[in-house]
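The structure appears below as structure tokens.
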Amino acid sequence: MGQTSVRARRRVVAAALLAVGVVVGPVAAPAVADDTVRERQWHLDAMHAPEMWQITKGQGITVAVIDGGFRLDHPDLVGQFLPGKDFSDSPGGVGSFNDGHGTEMSSLIAGTGRGVGGTGAYGLAPGVKVLPLKINNGSAGSVTSADFLSEIGQAVNYAVDQGAKVVNISQGMAAARTSPDDVAKLDRVLATARAKGVLVVASVGNEAKSGNLVSYPGGLPNVVGVGAVDRNGTVTDESEYGPQVALVAPGADIFAACTSSTEYCKSHGTSDSAALVSASAALVWSVHPNWTANQILRVLINTAGKPKDGSARTDDAGYGAVRPRIALTSPGDPGPADVSPIPVPEASAPAAPSPSASPSATSTPSPSSVAPSPSDVAVGAPPVKPTAEKSSGSGGALPVVAGVVGGLVLVAGVVFVVLRRRKASGQPAVAPGEDPYVR
């Protein structure tokens with residue numbers, strides 16, 4: 001089946017879900033001026049973050065974020081970073097950056113909202129600490145497969161040694177650009193991390209409309225691969241599909257702290273989704289510190305909003321949309337501590353999966369039919385699917401208020417790296433009458 005047909009089926013299923021009331025329309029809520037970052041973080045309200053924060057904010061858990069640099073002094077992130085490490089051999093250390101991606105991922109996980117007089121961007125788990133680990137992600141030029149995957153491997157090893165419970169990797173390189181030897185080396189590192197009880201979460205990528213090329217590390221069996229859904233609970237058109245998808249999470253119209261002149265950005269993509277799954281795992285782990293990574297993942301899977309067709313999993317939605325509120329309030333049996341809910345073959349570093357544009361290269365993906373509880377994913381959803389933002393290719397951030405145009409330079413790095421980041425670091429000035437948050 002061709003991709004055009006798959007996307008058409010997604011739209012049809014989304015309409016069907018709306019028709020039967022699976023996705024709710026605008027909810028009755030106190031009227032607020034839609035002019036602050038926090039008020040625009042729909043995903044926090046849809047996931048019932050304020051309610052969860054009465055139980056836990058993720059305190060006591062360290063989440064390592066492997067990315068291209070971090071703004072350590074952002075108002076929403078001051079005090080949230082642990083001393084990190086730079087594996088990129090670039091000047092400036094971990095606190096230097098060529099784009100805002102690492103800052104944004106950290107914000108989605110652990111932002112405190114202290115900026116803009118307390119109306120800034122909150123993370124889903126504002127009580128966690130972030131271990132910032134810098135790699136060369138290609139935003140400052142090209143990077144080889146060997147260097148990119150090796151730096152990720154070094155960062156994962158370091159995170160494990162530093163006691164991180166969760167490792168977030170919202171980065172990726174297309175399988176066609178990688179060496180099988182480099183991939184195998186990284187997967188051995190990931191297998192070791194898994195054996196030591198660390199949960200590694202990675203975005204599966206945003207190239208569903210451009211060949212659906214498998215990318216690494218999100219396509220490897222020793223990570224939790226994460227796709228994206230919009231505020232209707234529908235898998236986004238750009239979110240890659242295949243057997244590598246374990247869970248999905250919000251990844252459209254996402255607001256977070258960043259490094260633009262306004263300090264806040266709107267974005268979309270599986271990078272954001274992976275960060276939210278990492279934060280979800282941290283929330284559950286903070287309440288159940290004696291659970292293993294297998295048990296945390298099993299509970300996240302068991303409490304996820306399941307595909308509408310009743311399947312245990314589908315290639316576009318995985319096991320469903322993560323619902324940390326349910327995982328916290330009704331976790332159920334976490335199961336055996338030493339058995340993974342996602343089995344991994346003994347030889348866990350196979351040759352690169354075929355980067356075919358056809359879904360038939362793997363198993364045929366079902367329609368985008370995630371039907372999580374509307375009170376956990378689709379609160380405030382519009383009655384129709386919102387128009388998607390223009391994708392910035394494999395990179396980027398869309399600043400809240402513009403004036404900075406430099407984000408387009410990220411495209412240069414794509415020659416070697418197909419990153420699953422979606423946020424260009426700048427945008428043109430806002431025209432009179434336009435929404436300052438939207439390009």
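The way I read the labels, and the way they are meant: chains A, B, ... in the order of the structure tokens, residue 1 as the first residue of every chain, and ligand 1 as the first ligand shown, with later ones counted on from there.
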So which residues touch Gly320 (chain A) within 9 Å, counting only C-alpha atoms, skipping near sequence neighbours fewer than 6 positions away, as a compact mmCIF listing (two decimals) with C-alpha atoms, in the first residue's frame?
```txt
# COMPACT_ATOMS: atom_id res chain seq x y z
CA ALA A 246 6.49 1.07 20.86
CA LEU A 247 4.43 4.05 22.05
CA VAL A 248 3.12 7.37 20.81
CA ALA A 249 2.75 10.70 22.61
CA ILE A 301 2.31 -0.12 27.75
CA ASN A 302 -0.54 -1.69 29.72
CA THR A 303 -2.07 1.70 30.58
CA ALA A 304 -1.61 3.26 27.14
CA GLY A 305 -4.61 4.33 25.07
CA LYS A 306 -4.99 1.36 22.77
CA PRO A 307 -5.47 1.37 19.00
CA ALA A 312 -2.42 -5.26 20.75
CA ARG A 313 -0.20 -2.96 18.71
CA THR A 314 -0.04 -1.37 15.28
CA VAL A 370 -5.17 5.45 18.50
CA ALA A 371 -8.20 5.90 20.69
CA PRO A 372 -6.95 6.84 24.13
```
Name all residues at most 6 Å from Gly115 (chain A) (count only C-alpha atoms; drop same-chain ones fewer than 2 positions away) and give them as an NGL selection string. :A and (75-76 or 113 or 117-118 or 120)
Could you take the residues named above and write them with C-alpha atoms, as a compact mmCIF listing (two decimals), in the first residue's frame?
```
# COMPACT_ATOMS: atom_id res chain seq x y z
CA PRO A 75 14.80 30.82 33.23
CA ASP A 76 12.66 27.69 33.05
CA GLY A 113 7.63 27.52 34.15
CA GLY A 117 6.69 35.81 35.61
CA GLY A 118 5.77 32.19 36.23
CA GLY A 120 6.68 30.03 31.08
```
Among the residues of region 149-364 of chain A, find those DSSP assigns to alpha helix (DSSP H) from the backbone and print them as a ChimeraX atom specification. /A:149-161,180-195,270-287,293-302,324-329
Could you save those same residues with C-alpha atoms as a compact mmCIF listing (two decimals), in the first residue's frame?
```txt
# COMPACT_ATOMS: atom_id res chain seq x y z
CA LEU A 149 26.57 6.79 16.63
CA SER A 150 29.81 6.50 18.62
CA GLU A 151 29.10 9.72 20.52
CA ILE A 152 25.61 8.52 21.33
CA GLY A 153 27.09 5.27 22.62
CA GLN A 154 29.62 7.09 24.78
CA ALA A 155 26.89 9.32 26.17
CA VAL A 156 24.67 6.34 26.99
CA ASN A 157 27.52 4.63 28.84
CA TYR A 158 28.19 7.81 30.79
CA ALA A 159 24.51 8.22 31.67
CA VAL A 160 24.39 4.67 33.01
CA ASP A 161 27.52 5.24 35.10
CA PRO A 180 26.19 -1.80 9.84
CA ASP A 181 29.31 -2.01 12.01
CA ASP A 182 28.58 1.37 13.59
CA VAL A 183 24.97 0.37 14.21
CA ALA A 184 26.02 -2.94 15.75
CA LYS A 185 28.45 -1.20 18.12
CA LEU A 186 25.75 1.19 19.31
CA ASP A 187 23.23 -1.59 19.79
CA ARG A 188 25.68 -3.46 22.01
CA VAL A 189 25.95 -0.35 24.17
CA LEU A 190 22.16 -0.08 24.30
CA ALA A 191 21.85 -3.77 25.20
CA THR A 192 24.26 -3.23 28.09
CA ALA A 193 22.27 -0.22 29.30
CA ARG A 194 19.11 -2.28 29.15
CA ALA A 195 20.76 -5.11 31.09
CA THR A 270 8.62 12.67 17.34
CA SER A 271 11.43 14.40 19.22
CA ASP A 272 8.82 16.05 21.44
CA SER A 273 6.93 12.79 21.79
CA ALA A 274 10.02 10.92 22.98
CA ALA A 275 10.70 13.59 25.60
CA LEU A 276 7.16 13.23 26.94
CA VAL A 277 7.49 9.44 27.17
CA SER A 278 10.80 9.89 29.01
CA ALA A 279 9.09 12.26 31.45
CA SER A 280 6.19 9.82 31.85
CA ALA A 281 8.59 7.05 32.80
CA ALA A 282 10.28 9.35 35.32
CA LEU A 283 6.94 10.19 36.96
CA VAL A 284 6.05 6.53 37.45
CA TRP A 285 9.54 5.60 38.60
CA SER A 286 9.54 8.31 41.24
CA VAL A 287 6.49 6.70 42.86
CA ALA A 293 12.90 -0.63 33.80
CA ASN A 294 10.96 -3.64 32.51
CA GLN A 295 8.18 -3.02 35.00
CA ILE A 296 8.04 0.70 34.28
CA LEU A 297 7.78 0.05 30.56
CA ARG A 298 5.21 -2.72 31.04
CA VAL A 299 2.96 -0.42 33.05
CA LEU A 300 3.30 2.37 30.46
CA ILE A 301 2.31 -0.12 27.75
CA ASN A 302 -0.54 -1.69 29.72
CA PRO A 324 1.05 8.55 32.77
CA ARG A 325 -1.98 9.62 34.78
CA ILE A 326 -3.47 6.15 34.42
CA ALA A 327 -0.07 4.58 35.04
CA LEU A 328 0.12 6.47 38.34
CA THR A 329 -3.44 5.97 39.56
```
Nearest to Arg323 (chain A) among A:Phe255, A:Gly68, A:Gly211, A:Leu124, with distances taken over only C-alpha atoms: which residue is it?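 Selected residue with least distance to Arg323 (chain A): A:Leu124.
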Got a sec to tell me which of region 140-348 of chain A DSSP assigns to strand (DSSP E), as JSON, numbers by chain? {"A": [166, 167, 168, 169, 173, 174, 199, 200, 201, 202, 203, 215, 216, 224, 225, 226, 227, 228, 229, 245, 246, 247, 248, 249, 250, 254, 255, 256, 257, 264, 265, 266, 267]}
How close does region 52-103 of chain A get to region 166-174 of chain A? List, as a Markdown table, each residue of region 52-103 of chain A within 8 Å, its nearest atom pair and the distance in Å to one decimal, counting only C-alpha atoms.
```
| residue | atom | partner | partner_atom | distance |
| --- | --- | --- | --- | --- |
| A:Thr62 | CA | A:Val166 | CA | 6.8 |
| A:Val63 | CA | A:Val166 | CA | 4.8 |
| A:Ala64 | CA | A:Val167 | CA | 4.6 |
| A:Val65 | CA | A:Asn168 | CA | 4.9 |
| A:Ile66 | CA | A:Ile169 | CA | 5.3 |
| A:Asp67 | CA | A:Gln171 | CA | 7.0 |
```
May I have the residues within 8 Å of Gly218 (chain A) as a list of chain:residue names, using only C-alpha atoms and disregarding those fewer than 3 positions away in the same chain? A:Gly172, A:Val201, A:Ala202, A:Ser203, A:Val204, A:Gly205, A:Val214, A:Ser215, A:Val223, A:Val224, A:Gly225, A:Val226, A:Gln244
Same residues, N, CA and C atoms, output as a short mmCIF file (atom, residue, chain, number, x, y, z; two decimals), in the first residue's frame:
```cif
data_model
loop_
_atom_site.label_atom_id
_atom_site.label_comp_id
_atom_site.auth_asym_id
_atom_site.auth_seq_id
_atom_site.Cartn_x
_atom_site.Cartn_y
_atom_site.Cartn_z
N GLY A 172 18.52 11.15 15.46
CA GLY A 172 18.58 9.95 14.64
C GLY A 172 19.31 10.15 13.33
N VAL A 201 14.91 5.84 25.70
CA VAL A 201 13.77 6.25 24.88
C VAL A 201 14.27 7.05 23.69
N ALA A 202 13.78 6.74 22.50
CA ALA A 202 14.27 7.43 21.30
C ALA A 202 13.11 7.72 20.35
N SER A 203 13.20 8.83 19.65
CA SER A 203 12.21 9.19 18.65
C SER A 203 12.41 8.33 17.40
N VAL A 204 11.31 7.97 16.73
CA VAL A 204 11.43 7.10 15.55
C VAL A 204 11.65 7.89 14.27
N GLY A 205 11.44 9.20 14.28
CA GLY A 205 11.73 10.01 13.12
C GLY A 205 10.49 10.58 12.45
N VAL A 214 13.92 4.06 8.04
CA VAL A 214 14.29 3.71 9.41
C VAL A 214 15.52 4.50 9.80
N SER A 215 15.55 4.99 11.04
CA SER A 215 16.72 5.71 11.51
C SER A 215 17.16 5.16 12.86
N VAL A 223 15.81 0.07 22.43
CA VAL A 223 15.26 1.36 22.83
C VAL A 223 13.74 1.30 22.76
N VAL A 224 13.10 2.25 23.42
CA VAL A 224 11.66 2.42 23.32
C VAL A 224 11.41 3.44 22.22
N GLY A 225 11.00 2.98 21.05
CA GLY A 225 10.77 3.88 19.92
C GLY A 225 9.43 4.59 20.06
N VAL A 226 9.43 5.91 19.86
CA VAL A 226 8.24 6.72 20.11
C VAL A 226 7.83 7.50 18.86
N GLN A 244 9.39 -0.75 14.89
CA GLN A 244 10.18 -0.05 15.89
C GLN A 244 9.34 0.84 16.79
#
```
Given only C-alpha atoms as the basis, pick out the residue of A:Pro50, A:Gly269, A:Gly58, A:Gly227 nearest to His101 (chain A). A:Gly269
Ile254 (chain A): which residues within 8 Å, counting only C-alpha atoms, same-chain residues fewer than 3 positions away excluded, as number ranges by chain? A: 41-43, 250-251, 266-268, 272
